[in-house]
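Student: Supplied in structure tokens, the structure appears directly below.
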Amino acid sequence: MFQIKLSLFSKTKSLENKIDLFHDKIIDVAMTFKKAITVFLREERSVEYKKLCKQIKNIEHDADSLRRDIENKLYSHNLIPDLRADVLELVENLDRIINRFDEVAYKFYIERPQFPEEYHSRIKELCEQVSDCAENMAIASRAFFRDFSTVRDYSQKVYFIEAESDVVSGKMKEAIFDSDMPLANKLQLSNIIGEVADIADIAEDCADELLIFTIKRDI
């Protein structure tokens, strides 16, 4: 009969809480990013967009602090030594997702890309996809620490959504280069679409490594 592997943290409640909070930050930044881009498309660099960018930056700072606390606890207290290196690498990879959300939101703020209205629904769809990708990655990672019987399920969702985001971003770039916009505008929009799509690529890379860590933990 299949038995569920229990949490890694039977004796390390403080570390468990910090890792839980770290996963929460990924979900928070993904949701805030979706809202921010919707506001940008409607209002561009408005007061509301600046406020949401600041929220994203604050989430990123909080996540960095949590990452450092997690690393410190793992080393200073010699916790879960058999999996410590894997946990450290996983947390650092997840932090890259949060950092990229912050970078892309700031890129919108600095460059103020002018998306024609006919592309608004597509860029919103892409932002929805990359945010969903990050959220499912956070859920998969949380499962690794608590009950990893569902890690593969959520990882597969990450793969599926990432593939869908590739299709959406590719079609959008194709449509932009087929348009009569000036070349400089085409290049700017193509670049920023690629930056958004990269968020899902990073989540996919995290899922790849998480599955390897899960196999190692199951041995």
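Labels for the structure tokens follow display order: chains A, B, ..., residues from 1 in each chain, ligands from 1.
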Find the residues of stretch 142-210 of chain A that sit at most 9 Å from stretch 87-102 of chain A; for each, write down the nearest two atoms and how far apart they are in Å, to one decimal. Count only C-alpha atoms. Sort by chain, then by number going up, and give it as a tab-separated table.

Tutor:
residue	atom	partner	partner_atom	distance
A:Glu195	CA	A:Arg100	CA	8.3
A:Val196	CA	A:Phe101	CA	8.1
A:Asp198	CA	A:Arg100	CA	8.2
A:Ile199	CA	A:Ile97	CA	6.2
A:Ala200	CA	A:Ile97	CA	8.4
A:Ile202	CA	A:Ile97	CA	6.3
A:Ala203	CA	A:Ile97	CA	6.7
A:Asp205	CA	A:Asn93	CA	8.4
A:Cys206	CA	A:Asn93	CA	6.1
A:Glu209	CA	A:Leu90	CA	7.5
A:Leu210	CA	A:Leu90	CA	7.0

Student: Fewer than 5 positions away in the same chain doesn't count, so skip those; otherwise give me all residues within 8 Å of A:Ala207, counting only C-alpha atoms, as a PDB file with C-alpha atoms, in the first residue's frame.

Tutor:
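The resulting file, around.pdb, is reproduced below:
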ATOM      1  CA  MET A 137       5.352  26.159  -8.918  1.00  0.00           C
ATOM      2  CA  ALA A 140       4.484  22.105  -6.037  1.00  0.00           C
ATOM      3  CA  SER A 155       4.793  20.332 -11.818  1.00  0.00           C
ATOM      4  CA  VAL A 158       3.680  24.257 -14.682  1.00  0.00           C
ATOM      5  CA  TYR A 159       4.866  22.497 -17.846  1.00  0.00           C
TER       6      TYR A 159
END

Student: Kindly indicate which residue among A:Leu66, A:Ile215, A:Leu21, A:Leu189 lies nearest to A:Arg112, using only C-alpha atoms for the distances.

Tutor: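 Between A:Leu66, A:Ile215, A:Leu21, A:Leu189, the residue approaching A:Arg112 most closely is A:Leu189.
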
Student: Fewer than 2 positions away in the same chain doesn't count, so skip those; otherwise give me all residues within 6 Å of stretch 34-43 of chain A, counting only C-alpha atoms, as an NGL selection string.

Tutor: :A and (31-32 or 46 or 49 or 52 or 127)

Student: Keeping N, CA, C and O atoms for every residue in the selection just given, could you write it to a file as a PDB file, in the first residue's frame?

Tutor:
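To be explicit, this is the file written out as again32.pdb:
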ATOM      1  N   MET A  31       0.096  37.516  -8.080  1.00  0.00           N
ATOM      2  CA  MET A  31      -1.215  38.162  -8.103  1.00  0.00           C
ATOM      3  C   MET A  31      -1.087  39.671  -8.263  1.00  0.00           C
ATOM      4  O   MET A  31      -1.854  40.305  -9.004  1.00  0.00           O
ATOM      5  N   THR A  32      -0.106  40.257  -7.585  1.00  0.00           N
ATOM      6  CA  THR A  32       0.098  41.705  -7.679  1.00  0.00           C
ATOM      7  C   THR A  32       0.568  42.097  -9.068  1.00  0.00           C
ATOM      8  O   THR A  32       0.167  43.129  -9.609  1.00  0.00           O
ATOM      9  N   SER A  46       0.675  55.431 -13.985  1.00  0.00           N
ATOM     10  CA  SER A  46      -0.184  56.204 -13.092  1.00  0.00           C
ATOM     11  C   SER A  46       0.276  56.053 -11.643  1.00  0.00           C
ATOM     12  O   SER A  46       1.167  55.263 -11.323  1.00  0.00           O
ATOM     13  N   TYR A  49      -0.275  52.503 -10.627  1.00  0.00           N
ATOM     14  CA  TYR A  49       0.753  51.565 -11.096  1.00  0.00           C
ATOM     15  C   TYR A  49       2.028  51.699 -10.255  1.00  0.00           C
ATOM     16  O   TYR A  49       2.649  50.688  -9.900  1.00  0.00           O
ATOM     17  N   LEU A  52       1.548  49.807  -7.081  1.00  0.00           N
ATOM     18  CA  LEU A  52       1.641  48.356  -7.249  1.00  0.00           C
ATOM     19  C   LEU A  52       3.091  47.919  -7.477  1.00  0.00           C
ATOM     20  O   LEU A  52       3.511  46.870  -6.983  1.00  0.00           O
ATOM     21  N   CYS A 127       0.277  37.432 -19.152  1.00  0.00           N
ATOM     22  CA  CYS A 127       0.576  37.719 -17.743  1.00  0.00           C
ATOM     23  C   CYS A 127      -0.184  36.774 -16.821  1.00  0.00           C
ATOM     24  O   CYS A 127       0.339  36.345 -15.782  1.00  0.00           O
TER      25      CYS A 127
END

Student: Residues of stretch 42-157 of chain A that have any atom at most 12 Å from an atom of stretch 173-178 of chain A: could you tabulate them with the shortest-distance atom pair and the distance in Å to one decimal, using only C-alpha atoms, ordered by chain and increasing number, as a tab-separated table?

Tutor:
residue	atom	partner	partner_atom	distance
A:Gln114	CA	A:Ile176	CA	11.8
A:Phe115	CA	A:Ile176	CA	9.6
A:Pro116	CA	A:Ile176	CA	9.6
A:Glu118	CA	A:Ala175	CA	10.5
A:Tyr119	CA	A:Ile176	CA	8.8
A:Arg122	CA	A:Lys173	CA	10.6
A:Ile123	CA	A:Lys173	CA	10.6
A:Leu126	CA	A:Lys173	CA	11.9

Student: Counting only C-alpha atoms, which residue out of A:Tyr109, A:Phe145, A:Phe22, A:Tyr154 sits closest to A:Ser65?

Tutor: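 Checking each of A:Tyr109, A:Phe145, A:Phe22, A:Tyr154 against A:Ser65, counting only C-alpha atoms, the winner is A:Phe22.
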
Student: For each of A:Arg45, A:Lys25, A:Lys73, A:Arg152, take the minimum atom-to-atom distance to A:Ile59, counting only C-alpha atoms, then give the residue where this is smallest.

Tutor: A:Lys25

Student: Please determine, counting only C-alpha atoms, which residue among A:Lys216, A:Lys18, A:Arg84, A:Lys157 has the shortest atom-to-atom distance to A:Asp62.

Tutor: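 Of all the options, A:Lys18 lies closest to A:Asp62.
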